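Text of the file input.cif, holding mmCIF, C-alpha atoms (C1' of nucleotides):
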```cif
data_data
loop_
_atom_site.label_atom_id
_atom_site.label_comp_id
_atom_site.auth_asym_id
_atom_site.auth_seq_id
_atom_site.Cartn_x
_atom_site.Cartn_y
_atom_site.Cartn_z
CA MET A 171 122.34 -101.31 -137.58
CA ALA A 172 120.35 -98.82 -139.57
CA THR A 173 119.62 -95.18 -139.19
CA GLN A 174 118.63 -93.89 -135.80
CA ALA A 175 115.06 -93.30 -136.78
CA GLU A 176 114.72 -96.90 -137.87
CA ARG A 177 116.46 -98.13 -134.81
CA ARG A 178 114.14 -96.11 -132.67
CA ALA A 179 111.12 -97.43 -134.51
CA THR A 180 112.06 -101.07 -134.28
CA THR A 181 112.94 -100.80 -130.62
CA ARG A 182 109.68 -99.11 -129.93
CA GLY A 183 107.95 -101.88 -131.79
CA LYS A 184 109.70 -104.54 -129.78
CA LEU A 185 108.70 -102.80 -126.59
CA ILE A 186 105.09 -102.52 -127.59
CA ASP A 187 104.92 -106.15 -128.62
CA ALA A 188 106.52 -107.24 -125.41
CA ALA A 189 104.24 -104.98 -123.43
CA ALA A 190 101.25 -106.42 -125.23
CA SER A 191 102.07 -109.96 -124.26
CA VAL A 192 103.13 -109.23 -120.71
CA PHE A 193 100.17 -106.99 -120.01
CA ALA A 194 97.90 -109.58 -121.56
CA GLU A 195 99.35 -112.34 -119.43
CA ARG A 196 99.46 -110.60 -116.12
CA GLY A 197 97.18 -107.62 -116.40
CA TYR A 198 98.18 -104.03 -115.91
CA HIS A 199 99.16 -104.20 -112.29
CA GLY A 200 100.66 -107.64 -112.50
CA ALA A 201 102.97 -106.65 -115.31
CA THR A 202 106.32 -105.19 -114.35
CA LEU A 203 108.41 -102.98 -116.53
CA ASP A 204 111.34 -105.25 -115.91
CA ALA A 205 109.44 -108.18 -117.31
CA ILE A 206 108.43 -106.16 -120.35
CA ALA A 207 111.96 -104.97 -120.93
CA GLU A 208 113.30 -108.46 -120.55
CA ARG A 209 110.83 -109.94 -122.99
CA ALA A 210 111.76 -107.26 -125.48
CA GLY A 211 115.40 -108.14 -124.99
CA LEU A 212 115.97 -104.63 -123.69
CA SER A 213 116.33 -102.85 -120.41
CA LYS A 214 114.05 -100.80 -118.27
CA GLY A 215 116.09 -97.73 -119.05
CA SER A 216 115.15 -98.17 -122.64
CA VAL A 217 111.51 -98.39 -121.75
CA TYR A 218 111.71 -95.06 -120.02
CA HIS A 219 113.60 -93.64 -122.90
CA HIS A 220 110.65 -94.38 -125.16
CA PHE A 221 107.69 -93.98 -122.86
CA ALA A 222 107.22 -91.48 -120.11
CA SER A 223 105.62 -93.94 -117.75
CA LYS A 224 104.05 -97.34 -117.43
CA HIS A 225 100.73 -95.68 -117.79
CA VAL A 226 101.62 -94.02 -121.07
CA LEU A 227 102.97 -97.28 -122.40
CA PHE A 228 99.73 -98.97 -121.55
CA ALA A 229 97.57 -96.29 -123.11
CA THR A 230 99.66 -96.31 -126.27
CA LEU A 231 99.43 -100.04 -126.56
CA LEU A 232 95.71 -100.13 -126.02
CA GLY A 233 95.14 -97.29 -128.41
CA ASP A 234 96.93 -99.20 -131.13
CA ARG A 235 95.06 -102.38 -130.42
CA LEU A 236 91.66 -100.80 -130.31
CA GLU A 237 92.42 -99.13 -133.58
CA ALA A 238 93.55 -102.38 -135.12
CA ARG A 239 90.41 -104.12 -134.03
CA LEU A 240 88.36 -101.68 -136.01
CA ALA A 241 90.49 -101.88 -139.11
CA GLU A 242 88.80 -105.00 -140.39
CA ALA A 243 85.20 -104.10 -140.96
CA PRO A 244 83.36 -105.82 -143.76
CA ARG A 245 79.67 -106.16 -143.10
CA PRO A 246 78.17 -105.63 -139.66
CA GLU A 247 77.66 -109.30 -138.88
CA ASP A 248 81.09 -110.18 -140.17
CA ALA A 249 82.63 -107.35 -138.25
CA ALA A 250 80.87 -108.94 -135.35
CA ALA A 251 82.42 -112.29 -136.11
CA ALA A 252 85.85 -110.78 -136.46
CA PHE A 253 85.23 -109.04 -133.22
CA LEU A 254 84.53 -112.26 -131.42
CA ASP A 255 87.54 -113.89 -132.96
CA ARG A 256 89.56 -111.46 -131.00
CA ALA A 257 87.55 -112.44 -128.02
CA SER A 258 88.65 -115.99 -128.47
CA ASP A 259 92.13 -114.83 -127.68
CA PRO A 260 91.69 -115.24 -123.98
CA ARG A 261 94.53 -112.88 -123.32
CA TRP A 262 93.13 -109.83 -124.99
CA ALA A 263 89.64 -109.60 -123.60
CA PRO A 264 90.55 -109.09 -119.95
CA LEU A 265 92.84 -106.28 -120.96
CA PHE A 266 90.00 -104.61 -122.74
CA PHE A 267 87.95 -104.52 -119.60
CA GLU A 268 90.85 -103.48 -117.49
CA PHE A 269 91.25 -100.65 -119.92
CA LEU A 270 87.62 -99.71 -119.43
CA ALA A 271 88.07 -99.53 -115.73
CA GLN A 272 91.14 -97.37 -116.14
CA ALA A 273 89.36 -95.15 -118.58
CA ALA A 274 86.55 -94.60 -116.15
CA ARG A 275 88.94 -93.25 -113.59
CA ASP A 276 91.68 -91.59 -115.59
CA ASP A 277 90.91 -88.72 -117.91
CA ASP A 278 93.76 -89.32 -120.32
CA VAL A 279 92.81 -92.92 -120.82
CA ARG A 280 89.18 -91.97 -120.99
CA GLU A 281 89.85 -89.67 -123.87
CA VAL A 282 91.52 -92.44 -125.83
CA PHE A 283 88.67 -94.79 -125.23
CA VAL A 284 85.92 -92.32 -125.93
CA ALA A 285 87.52 -91.46 -129.24
CA TRP A 286 87.67 -95.10 -130.14
CA LEU A 287 84.08 -95.67 -129.09
CA ARG A 288 82.85 -92.80 -131.21
CA ASP A 289 84.80 -94.09 -134.16
CA THR A 290 83.41 -97.57 -133.70
CA ARG A 291 79.88 -96.31 -133.62
CA ALA A 292 80.36 -94.15 -136.65
CA ARG A 293 81.72 -97.00 -138.68
CA LEU A 294 79.00 -99.33 -137.53
CA ALA A 295 76.37 -96.77 -138.40
CA ASP A 296 77.83 -96.47 -141.89
CA LEU A 297 77.97 -100.21 -142.33
CA ILE A 298 74.41 -100.66 -141.25
CA ALA A 299 73.17 -97.82 -143.39
CA GLU A 300 75.07 -99.11 -146.37
CA ARG A 301 73.56 -102.51 -145.96
CA LEU A 302 70.00 -101.45 -145.27
CA GLY A 303 69.84 -98.18 -147.06
CA GLY A 304 68.69 -95.03 -145.40
CA PRO A 305 70.68 -92.59 -143.32
CA PRO A 306 73.12 -93.75 -140.67
CA ASP A 307 71.34 -94.29 -137.42
CA GLU A 308 73.36 -93.51 -134.36
CA GLN A 309 71.08 -95.36 -132.02
CA ARG A 310 71.23 -98.62 -133.85
CA ALA A 311 74.98 -98.31 -133.94
CA VAL A 312 75.04 -97.85 -130.20
CA LEU A 313 72.96 -100.96 -129.71
CA VAL A 314 75.14 -103.01 -131.99
CA SER A 315 78.30 -101.76 -130.36
CA ALA A 316 76.88 -102.59 -126.97
CA LEU A 317 75.80 -106.03 -128.01
CA ALA A 318 79.21 -106.84 -129.41
CA ASN A 319 81.02 -105.79 -126.27
CA GLY A 320 78.49 -107.53 -124.10
CA MET A 321 78.80 -110.73 -126.08
CA LEU A 322 82.48 -110.56 -125.43
CA ILE A 323 81.69 -111.09 -121.78
CA GLU A 324 79.26 -113.90 -122.41
CA VAL A 325 81.70 -115.76 -124.59
CA MET A 326 84.59 -115.12 -122.26
CA PHE A 327 82.91 -116.87 -119.41
CA ASP A 328 80.90 -119.41 -121.30
CA PRO A 329 82.61 -121.05 -124.24
CA SER A 330 79.45 -122.95 -125.02
CA VAL A 331 77.83 -119.83 -126.41
CA PRO A 332 77.79 -120.27 -130.17
CA PRO A 333 79.76 -117.50 -131.87
CA GLU A 334 77.17 -116.99 -134.55
CA LEU A 335 74.71 -115.85 -131.93
CA LEU A 336 76.25 -112.42 -132.04
CA GLY A 337 75.57 -112.21 -135.75
CA ARG A 338 71.94 -113.03 -135.20
CA GLY A 339 71.62 -110.45 -132.50
CA VAL A 340 73.25 -107.83 -134.66
CA GLU A 341 70.78 -108.50 -137.40
CA LEU A 342 67.87 -108.17 -135.05
CA LEU A 343 69.10 -104.86 -133.77
CA ALA A 344 70.36 -103.46 -137.03
CA SER A 345 67.33 -104.27 -139.07
CA ALA A 346 64.95 -102.76 -136.57
CA THR A 347 63.10 -99.71 -137.65
CA GLY A 348 65.15 -96.67 -137.00
CA ALA A 349 64.30 -94.66 -133.97
CA GLY A 350 63.43 -91.04 -133.49
CA GLY A 351 65.00 -89.37 -136.43
CA GLY A 352 64.60 -90.91 -139.81
CA GLY A 353 61.82 -93.35 -140.21
CA SER A 354 64.03 -95.84 -141.92
CA VAL A 355 63.50 -99.08 -143.56
CA PRO A 356 62.15 -101.92 -141.54
CA ARG A 357 63.35 -104.17 -144.23
CA ARG A 358 66.21 -106.44 -143.94
CA GLY A 359 68.16 -108.68 -146.22
CA ALA A 360 70.70 -107.92 -148.81
CA MET B 1 76.64 -103.26 -76.83
CA ALA B 2 74.53 -106.07 -78.12
CA THR B 3 75.23 -109.73 -78.41
CA GLN B 4 78.40 -110.84 -80.10
CA ALA B 5 76.64 -112.14 -83.13
CA GLU B 6 74.97 -108.79 -83.67
CA ARG B 7 78.17 -106.97 -83.07
CA ARG B 8 79.93 -109.15 -85.57
CA ALA B 9 77.21 -108.61 -88.11
CA THR B 10 77.11 -104.84 -87.83
CA THR B 11 80.87 -104.56 -87.96
CA ARG B 12 80.98 -106.75 -90.98
CA GLY B 13 78.34 -104.56 -92.55
CA LYS B 14 80.30 -101.41 -91.84
CA LEU B 15 83.37 -102.96 -93.37
CA ILE B 16 81.56 -104.02 -96.49
CA ASP B 17 79.97 -100.62 -96.92
CA ALA B 18 83.28 -98.89 -96.43
CA ALA B 19 84.97 -101.32 -98.79
CA ALA B 20 82.28 -100.69 -101.37
CA SER B 21 82.83 -96.97 -101.39
CA VAL B 22 86.61 -97.08 -101.23
CA PHE B 23 86.92 -99.76 -103.89
CA ALA B 24 84.48 -97.84 -106.03
CA GLU B 25 86.41 -94.63 -105.66
CA ARG B 26 89.88 -95.93 -106.21
CA GLY B 27 89.53 -99.29 -107.84
CA TYR B 28 90.83 -102.54 -106.49
CA HIS B 29 94.51 -101.75 -106.54
CA GLY B 30 94.11 -98.14 -105.57
CA ALA B 31 92.13 -99.00 -102.50
CA THR B 32 94.08 -99.70 -99.33
CA LEU B 33 92.90 -101.68 -96.38
CA ASP B 34 93.87 -98.85 -94.11
CA ALA B 35 91.58 -96.52 -95.99
CA ILE B 36 88.75 -99.01 -95.83
CA ALA B 37 89.25 -99.58 -92.13
CA GLU B 38 89.41 -95.88 -91.48
CA ARG B 39 86.24 -95.17 -93.40
CA ALA B 40 84.51 -97.89 -91.45
CA GLY B 41 85.73 -96.28 -88.26
CA LEU B 42 87.67 -99.43 -87.51
CA SER B 43 91.16 -100.78 -87.79
CA LYS B 44 92.96 -103.00 -90.23
CA GLY B 45 93.16 -105.71 -87.64
CA SER B 46 89.42 -105.84 -87.62
CA VAL B 47 89.37 -106.19 -91.36
CA TYR B 48 91.59 -109.22 -91.14
CA HIS B 49 89.51 -110.60 -88.36
CA HIS B 50 86.52 -110.67 -90.68
CA PHE B 51 88.08 -111.34 -94.05
CA ALA B 52 90.99 -113.56 -94.82
CA SER B 53 92.49 -111.19 -97.36
CA LYS B 54 91.88 -108.15 -99.45
CA HIS B 55 91.01 -110.44 -102.27
CA VAL B 56 88.34 -112.25 -100.28
CA LEU B 57 86.87 -108.96 -99.14
CA PHE B 58 86.62 -107.81 -102.71
CA ALA B 59 85.03 -111.02 -103.92
CA THR B 60 82.53 -110.97 -101.10
CA LEU B 61 81.59 -107.41 -101.79
CA LEU B 62 81.18 -107.98 -105.48
CA GLY B 63 79.22 -111.12 -104.92
CA ASP B 64 76.77 -109.23 -102.75
CA ARG B 65 76.46 -106.41 -105.21
CA LEU B 66 75.98 -108.61 -108.20
CA GLU B 67 73.34 -110.45 -106.27
CA ALA B 68 71.61 -107.26 -105.26
CA ARG B 69 71.55 -106.03 -108.81
CA LEU B 70 69.52 -109.00 -109.81
CA ALA B 71 67.12 -108.82 -106.91
CA GLU B 72 64.93 -106.21 -108.51
CA ALA B 73 63.58 -107.82 -111.58
CA PRO B 74 60.12 -106.85 -112.72
CA ARG B 75 59.80 -107.08 -116.47
CA PRO B 76 62.81 -107.52 -118.71
CA GLU B 77 62.83 -103.93 -119.93
CA ASP B 78 62.38 -102.65 -116.42
CA ALA B 79 65.07 -104.89 -115.14
CA ALA B 80 67.10 -103.29 -117.86
CA ALA B 81 66.20 -99.86 -116.62
CA ALA B 82 67.05 -100.75 -113.08
CA PHE B 83 70.27 -102.13 -114.39
CA LEU B 84 71.19 -98.88 -116.02
CA ASP B 85 70.26 -96.95 -112.93
CA ARG B 86 73.09 -98.72 -111.26
CA ALA B 87 75.21 -97.80 -114.18
CA SER B 88 74.44 -94.18 -113.63
CA ASP B 89 76.33 -94.50 -110.40
CA PRO B 90 79.66 -93.72 -111.97
CA ARG B 91 81.42 -95.41 -109.13
CA TRP B 92 80.00 -98.85 -109.52
CA ALA B 93 80.44 -99.57 -113.17
CA PRO B 94 84.23 -99.44 -113.30
CA LEU B 95 84.36 -101.91 -110.47
CA PHE B 96 82.21 -104.27 -112.40
CA PHE B 97 84.66 -104.31 -115.26
CA GLU B 98 87.62 -104.52 -112.98
CA PHE B 99 85.91 -107.54 -111.52
CA LEU B 100 85.58 -109.03 -114.98
CA ALA B 101 89.25 -108.63 -115.61
CA GLN B 102 90.06 -110.26 -112.31
CA ALA B 103 87.64 -113.07 -112.99
CA ALA B 104 89.29 -113.78 -116.28
CA ARG B 105 92.60 -114.34 -114.59
CA ASP B 106 91.73 -115.73 -111.20
CA ASP B 107 89.83 -118.98 -110.88
CA ASP B 108 88.20 -118.20 -107.56
CA VAL B 109 86.84 -114.93 -108.78
CA ARG B 110 85.87 -116.51 -112.03
CA GLU B 111 83.73 -119.01 -110.25
CA VAL B 112 81.85 -116.27 -108.46
CA PHE B 113 81.23 -114.40 -111.65
CA VAL B 114 80.25 -117.39 -113.72
CA ALA B 115 77.72 -118.36 -111.10
CA TRP B 116 76.26 -114.90 -111.19
CA LEU B 117 76.18 -114.85 -114.96
CA ARG B 118 74.34 -118.16 -115.11
CA ASP B 119 71.89 -116.94 -112.56
CA THR B 120 71.31 -113.73 -114.46
CA ARG B 121 70.65 -115.57 -117.66
CA ALA B 122 68.29 -118.00 -116.02
CA ARG B 123 66.24 -115.24 -114.51
CA LEU B 124 66.18 -113.29 -117.71
CA ALA B 125 65.09 -116.37 -119.61
CA ASP B 126 62.24 -116.85 -117.16
CA LEU B 127 61.20 -113.24 -117.38
CA ILE B 128 61.16 -113.30 -121.13
CA ALA B 129 59.30 -116.56 -121.29
CA GLU B 130 56.76 -115.37 -118.80
CA ARG B 131 56.13 -112.25 -120.78
CA LEU B 132 56.02 -113.80 -124.22
CA GLY B 133 54.89 -117.27 -123.41
CA GLY B 134 56.68 -120.31 -124.61
CA PRO B 135 59.58 -122.10 -123.02
CA PRO B 136 62.57 -120.20 -121.65
CA ASP B 137 65.08 -119.54 -124.37
CA GLU B 138 68.66 -119.56 -123.25
CA GLN B 139 69.93 -117.83 -126.33
CA ARG B 140 67.66 -114.86 -126.07
CA ALA B 141 68.66 -114.53 -122.45
CA VAL B 142 72.30 -114.48 -123.45
CA LEU B 143 71.67 -111.75 -125.95
CA VAL B 144 69.73 -109.64 -123.48
CA SER B 145 72.36 -110.11 -120.82
CA ALA B 146 75.03 -109.10 -123.28
CA LEU B 147 73.14 -106.06 -124.44
CA ALA B 148 72.60 -104.87 -120.91
CA ASN B 149 76.26 -105.17 -120.00
CA GLY B 150 77.31 -103.62 -123.25
CA MET B 151 74.98 -100.69 -122.80
CA LEU B 152 76.62 -100.13 -119.49
CA ILE B 153 79.77 -99.30 -121.38
CA GLU B 154 78.02 -97.05 -123.86
CA VAL B 155 76.30 -95.08 -121.14
CA MET B 156 79.41 -94.90 -119.03
CA PHE B 157 81.33 -93.12 -121.69
CA ASP B 158 78.54 -91.24 -123.35
CA PRO B 159 75.93 -89.75 -121.07
CA SER B 160 74.00 -88.53 -124.06
CA VAL B 161 72.79 -92.04 -124.78
CA PRO B 162 69.14 -92.12 -123.76
CA PRO B 163 68.57 -94.69 -121.03
CA GLU B 164 65.40 -96.00 -122.61
CA LEU B 165 67.42 -97.20 -125.57
CA LEU B 166 68.33 -100.29 -123.65
CA GLY B 167 64.67 -101.11 -123.13
CA ARG B 168 64.04 -100.86 -126.84
CA GLY B 169 66.96 -103.09 -127.62
CA VAL B 170 65.85 -105.63 -125.10
CA GLU B 171 62.44 -105.76 -126.70
CA LEU B 172 63.93 -106.29 -130.10
CA LEU B 173 66.05 -109.14 -128.88
CA ALA B 174 63.56 -110.70 -126.51
CA SER B 175 60.66 -110.75 -128.90
CA ALA B 176 62.67 -112.30 -131.65
CA THR B 177 61.65 -115.67 -132.84
CA GLY B 178 62.70 -118.31 -130.41
CA ALA B 179 62.49 -121.98 -131.10
CA GLY B 180 59.39 -122.78 -133.03
CA GLY B 181 56.24 -120.71 -133.02
CA GLY B 182 55.88 -117.05 -132.51
CA GLY B 183 58.22 -115.73 -135.11
CA SER B 184 57.28 -112.17 -135.73
CA VAL B 185 60.66 -110.85 -136.61
CA PRO B 186 62.20 -112.03 -139.81
CA ARG B 187 65.16 -114.29 -139.58
CA ARG B 188 68.13 -114.29 -141.84
CA GLY B 189 67.88 -111.88 -144.69
CA ALA B 190 66.93 -113.26 -148.10
"C1'" DA C 43 139.67 -91.77 -144.72
"C1'" DC C 44 139.70 -91.06 -140.15
"C1'" DA C 45 139.99 -88.92 -136.03
"C1'" DA C 46 137.55 -86.38 -132.70
"C1'" DC C 47 133.49 -84.87 -130.94
"C1'" DA C 48 128.42 -84.83 -130.04
"C1'" DA C 49 124.07 -86.82 -129.34
"C1'" DA C 50 120.97 -90.25 -129.03
"C1'" DA C 51 119.99 -95.07 -127.59
"C1'" DC C 52 120.54 -98.15 -124.16
"C1'" DC C 53 122.02 -100.32 -119.70
"C1'" DG C 54 121.41 -101.86 -114.86
"C1'" DA C 55 122.11 -100.97 -110.10
"C1'" DC C 56 119.83 -98.49 -106.71
"C1'" DT C 57 116.01 -96.43 -103.73
"C1'" DG C 58 112.10 -94.84 -101.54
"C1'" DG C 59 107.50 -95.27 -100.55
"C1'" DC C 60 103.71 -97.91 -100.27
"C1'" DC C 61 100.78 -101.38 -98.41
"C1'" DG C 62 99.35 -106.38 -97.60
"C1'" DG C 63 99.95 -109.09 -94.08
"C1'" DT C 64 101.34 -110.45 -89.05
"C1'" DA C 65 102.24 -110.45 -84.24
"C1'" DT C 66 100.96 -108.89 -79.94
"C1'" DG C 67 98.34 -106.27 -76.87
"C1'" DT C 68 93.70 -104.38 -75.07
"C1'" DT C 69 88.79 -104.13 -74.60
"C1'" DT C 70 84.13 -106.16 -74.58
"C1'" DA C 71 80.86 -109.86 -74.23
"C1'" DT C 72 79.33 -114.65 -72.09
"C1'" DA D 125 87.79 -116.86 -66.88
"C1'" DT D 126 88.06 -117.05 -71.56
"C1'" DA D 127 87.16 -116.34 -75.95
"C1'" DA D 128 85.92 -113.34 -79.38
"C1'" DA D 129 86.23 -108.63 -81.22
"C1'" DC D 130 89.08 -104.94 -82.04
"C1'" DA D 131 93.44 -101.88 -81.92
"C1'" DT D 132 98.37 -100.72 -82.72
"C1'" DA D 133 102.87 -101.21 -84.16
"C1'" DC D 134 105.70 -103.23 -87.13
"C1'" DC D 135 107.87 -105.86 -91.06
"C1'" DG D 136 109.31 -107.03 -95.59
"C1'" DG D 137 108.71 -107.53 -100.39
"C1'" DC D 138 107.86 -105.39 -104.41
"C1'" DC D 139 108.48 -102.26 -108.20
"C1'" DA D 140 107.91 -97.61 -110.60
"C1'" DG D 141 110.89 -94.41 -111.41
"C1'" DT D 142 115.86 -92.31 -111.26
"C1'" DC D 143 120.60 -91.63 -112.46
"C1'" DG D 144 125.21 -92.02 -113.83
"C1'" DG D 145 127.49 -94.48 -116.99
"C1'" DT D 146 128.47 -97.23 -121.63
"C1'" DT D 147 127.65 -98.24 -126.36
"C1'" DT D 148 126.00 -97.10 -130.81
"C1'" DT D 149 124.99 -93.81 -134.43
"C1'" DG D 150 125.80 -89.34 -136.67
"C1'" DT D 151 128.56 -85.20 -137.82
"C1'" DT D 152 132.37 -82.23 -138.57
"C1'" DG D 153 136.94 -80.90 -139.75
"C1'" DT D 154 141.22 -81.96 -141.82
#
```

What do you get writing this file as structure tokens?
Amino acid sequence: MATQAERRATTRGKLIDAAASVFAERGYHGATLDAIAERAGLSKGSVYHHFASKHVLFATLLGDRLEARLAEAPRPEDAAAAFLDRASDPRWAPLFFEFLAQAARDDDVREVFVAWLRDTRARLADLIAERLGGPPDEQRAVLVSALANGMLIEVMFDPSVPPELLGRGVELLASATGAGGGGSVPRRGA
Amino acid sequence: MATQAERRATTRGKLIDAAASVFAERGYHGATLDAIAERAGLSKGSVYHHFASKHVLFATLLGDRLEARLAEAPRPEDAAAAFLDRASDPRWAPLFFEFLAQAARDDDVREVFVAWLRDTRARLADLIAERLGGPPDEQRAVLVSALANGMLIEVMFDPSVPPELLGRGVELLASATGAGGGGSVPRRGA
DNA sequence: ACAACAAAACCGACTGGCCGGTATGTTTAT
DNA sequence: ATAAACATACCGGCCAGTCGGTTTTGTTGT
């Protein structure tokens, strides 16, 4: 094959991909390292060569995914739409919430998630500010972030919820007059 | 002791209480039936006498809790506040999300959760309608429900989020223009 | 070129503990 | 007497993690 570094990288990639699908299918506890190794066309030994533990593998995987989900971020409402697209992958959403539960109980995982959450908020705040003018407003960002995650639940368990509802909600929250700090613009629209 | 029916009821109560605290502390998979039995001052045999399986015990418990969380429902914003009070119990929230993940993968659990979700929305819709007049609006209820659950996440991982923020958000969403008349908040920009 | 050696990547059989579930016995109510 | 409530001891499957070995890549000396 190629150089060792490349080999290492591709193998790691295979493992992460396999882990993603197996974890998604069966959940954290339902997934076995053997199954992951098998799907990657590798062995469990290899898994442990690349990741210290099942837990680390999981955290790595989720970290990557959470990051990726943020990558695409056009306007707030569109980000919202993109967000819910992910939700429509019925295999990803449960993992997200499983991750939450883990994060609540495990400090390492918590750190990963908190970092992601902060990042999400910051980007949302920027997007909103950019669209409405005025300084970034942390509180609005929190509301929008919350609404998006909450809508994930609604959609997950009720397919009849129209996807564009999230966009409407985001507009309502984002265009609201800023709280506390800067009296921002109650105006909305492009 | 007392009559058998009473005995049965109190024992069942003890078990559910114990299960609540153990599940909350360690999560579903981390909790063992032995631990639950021990905390209840009972034995595992008793657990299986009252509940067919660990899974059933969990579903029962969660069903009760979800129900209880709805019981107190004054005005929408207050319901929201009450909701977040629960959230401030750092032991309950993770369970909620673990339950979500389970529900997404297991049809029995899903049924329980979907029923609860529908109920929540219906009550929220009524509350909102009652407060603002006009017919119940399913979509607003969905948004409020989503926001509340989403804020649970925000608060869980960032204690600095002011609890009253949820109330503000709920007002923004609830008072938005429903079908027809009372549109006070502008719809789509431009 | 090519051994000969070293190191990293990878394999897969094994195990040890854990815990859900069961089977059987003992106590308490009717 | 008898049935329900509860206790105790046990089993058996599962699976994360380990470990010694094999293959692949990389290096060095001649």

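Between chain C and the residues B:Lys54, B:Arg39, B:Arg26, B:Arg8, the shortest atom-to-atom distance, using all atoms listed in the file, involves B:Lys54.
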
Selection dump of the PyMOL selection byres ((chain D) within 12 of (chain B)), as an NGL selection string: :D and (127-133)

Test item: the PyMOL selection byres ((chain C) within 8 of (chain A)) resolved as a ChimeraX atom specification: /C:51-54

Writer output for current selection, C-alpha atoms (C1' of nucleotides), as a PDB file, keeping the file's coordinate frame:
```pdb
ATOM      1  C1'  DA C  51     119.990 -95.070-127.590  1.00  0.00           C
ATOM      2  C1'  DC C  52     120.540 -98.150-124.160  1.00  0.00           C
ATOM      3  C1'  DC C  53     122.020-100.320-119.700  1.00  0.00           C
ATOM      4  C1'  DG C  54     121.410-101.860-114.860  1.00  0.00           C
TER       5       DG C  54
END
```

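Distance-wise, CA of Val114 in chain B and CA of Gln102 in chain B end up 12.2 Å apart.
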
The PyMOL selection byres ((chain B) within 7 of (chain A)) - which residues does that actually catch in the file I just gave you? List them as a tab-separated table (two decimals) with C-alpha atoms, in the coordinates of the input.
```tsv
chain	number	residue	atom	x	y	z
B	94	PRO	CA	84.23	-99.44	-113.30
B	95	LEU	CA	84.36	-101.91	-110.47
B	97	PHE	CA	84.66	-104.31	-115.26
B	98	GLU	CA	87.62	-104.52	-112.98
B	100	LEU	CA	85.58	-109.03	-114.98
B	101	ALA	CA	89.25	-108.63	-115.61
B	104	ALA	CA	89.29	-113.78	-116.28
B	114	VAL	CA	80.25	-117.39	-113.72
B	143	LEU	CA	71.67	-111.75	-125.95
B	146	ALA	CA	75.03	-109.10	-123.28
B	147	LEU	CA	73.14	-106.06	-124.44
B	149	ASN	CA	76.26	-105.17	-120.00
B	150	GLY	CA	77.31	-103.62	-123.25
B	151	MET	CA	74.98	-100.69	-122.80
B	154	GLU	CA	78.02	-97.05	-123.86
B	157	PHE	CA	81.33	-93.12	-121.69
B	169	GLY	CA	66.96	-103.09	-127.62
B	172	LEU	CA	63.93	-106.29	-130.10
B	173	LEU	CA	66.05	-109.14	-128.88
B	189	GLY	CA	67.88	-111.88	-144.69
B	190	ALA	CA	66.93	-113.26	-148.10
```

Find the residues near DG59 in chain C: any atom within 12 Å, counting all atoms listed in the file, skip ones fewer than 5 places away on the same chain, and give them as a PDB file with C-alpha atoms (C1' of nucleotides), in the frame of the given file.
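Writing done, so here's around_1.pdb:
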```
ATOM      1  C1'  DC D 138     107.860-105.390-104.410  1.00  0.00           C
ATOM      2  C1'  DC D 139     108.480-102.260-108.200  1.00  0.00           C
ATOM      3  C1'  DA D 140     107.910 -97.610-110.600  1.00  0.00           C
ATOM      4  C1'  DG D 141     110.890 -94.410-111.410  1.00  0.00           C
TER       5       DG D 141
END
```

Distance of CA of Ala190 in chain A from CA of Val226 in chain A, expressed in Å to one decimal place: 13.1 Å

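For the atom pair formed by CA of Lys14 in chain B and CA of Ala40 in chain B, the distance is 5.5 Å, given to one decimal.
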
B:Gly41, B:Val109, B:Ala68, B:Leu127 ranked by distance to His55 in chain B, top pick (using all atoms listed in the file): B:Val109

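Compared by their closest atoms to Asp108 in chain B, and using only C-alpha atoms, the residues B:Asp137, B:Ala59, B:Ala125, B:Ala2 rank with B:Ala59 nearest.
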
Pull C-alpha atoms (C1' of nucleotides) for range 44-66 of chain C from the block and write them as a short mmCIF file (atom, residue, chain, number, x, y, z; two decimals), in the first residue's frame.
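Output file selection_33.cif follows:
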```
data_model
loop_
_atom_site.label_atom_id
_atom_site.label_comp_id
_atom_site.auth_asym_id
_atom_site.auth_seq_id
_atom_site.Cartn_x
_atom_site.Cartn_y
_atom_site.Cartn_z
"C1'" DC C 44 18.98 -7.14 -1.36
"C1'" DA C 45 19.41 -9.11 2.83
"C1'" DA C 46 18.66 -8.52 7.58
"C1'" DC C 47 16.65 -6.19 11.11
"C1'" DA C 48 13.23 -3.12 13.44
"C1'" DA C 49 8.88 -1.17 14.17
"C1'" DA C 50 4.38 -0.36 13.34
"C1'" DA C 51 -0.13 -2.24 11.80
"C1'" DC C 52 -3.06 -5.81 12.26
"C1'" DC C 53 -5.09 -10.35 13.69
"C1'" DG C 54 -8.09 -13.41 16.49
"C1'" DA C 55 -8.51 -16.51 20.26
"C1'" DC C 56 -9.22 -16.09 24.96
"C1'" DT C 57 -11.06 -14.48 29.62
"C1'" DG C 58 -13.05 -12.48 33.45
"C1'" DG C 59 -16.54 -9.98 35.42
"C1'" DC C 60 -20.88 -8.38 35.27
"C1'" DC C 61 -25.78 -8.66 35.49
"C1'" DG C 62 -30.50 -9.90 33.53
"C1'" DG C 63 -33.17 -13.44 34.25
"C1'" DT C 64 -34.85 -17.97 36.63
"C1'" DA C 65 -35.79 -21.55 39.84
"C1'" DT C 66 -36.82 -22.72 44.32
#
```
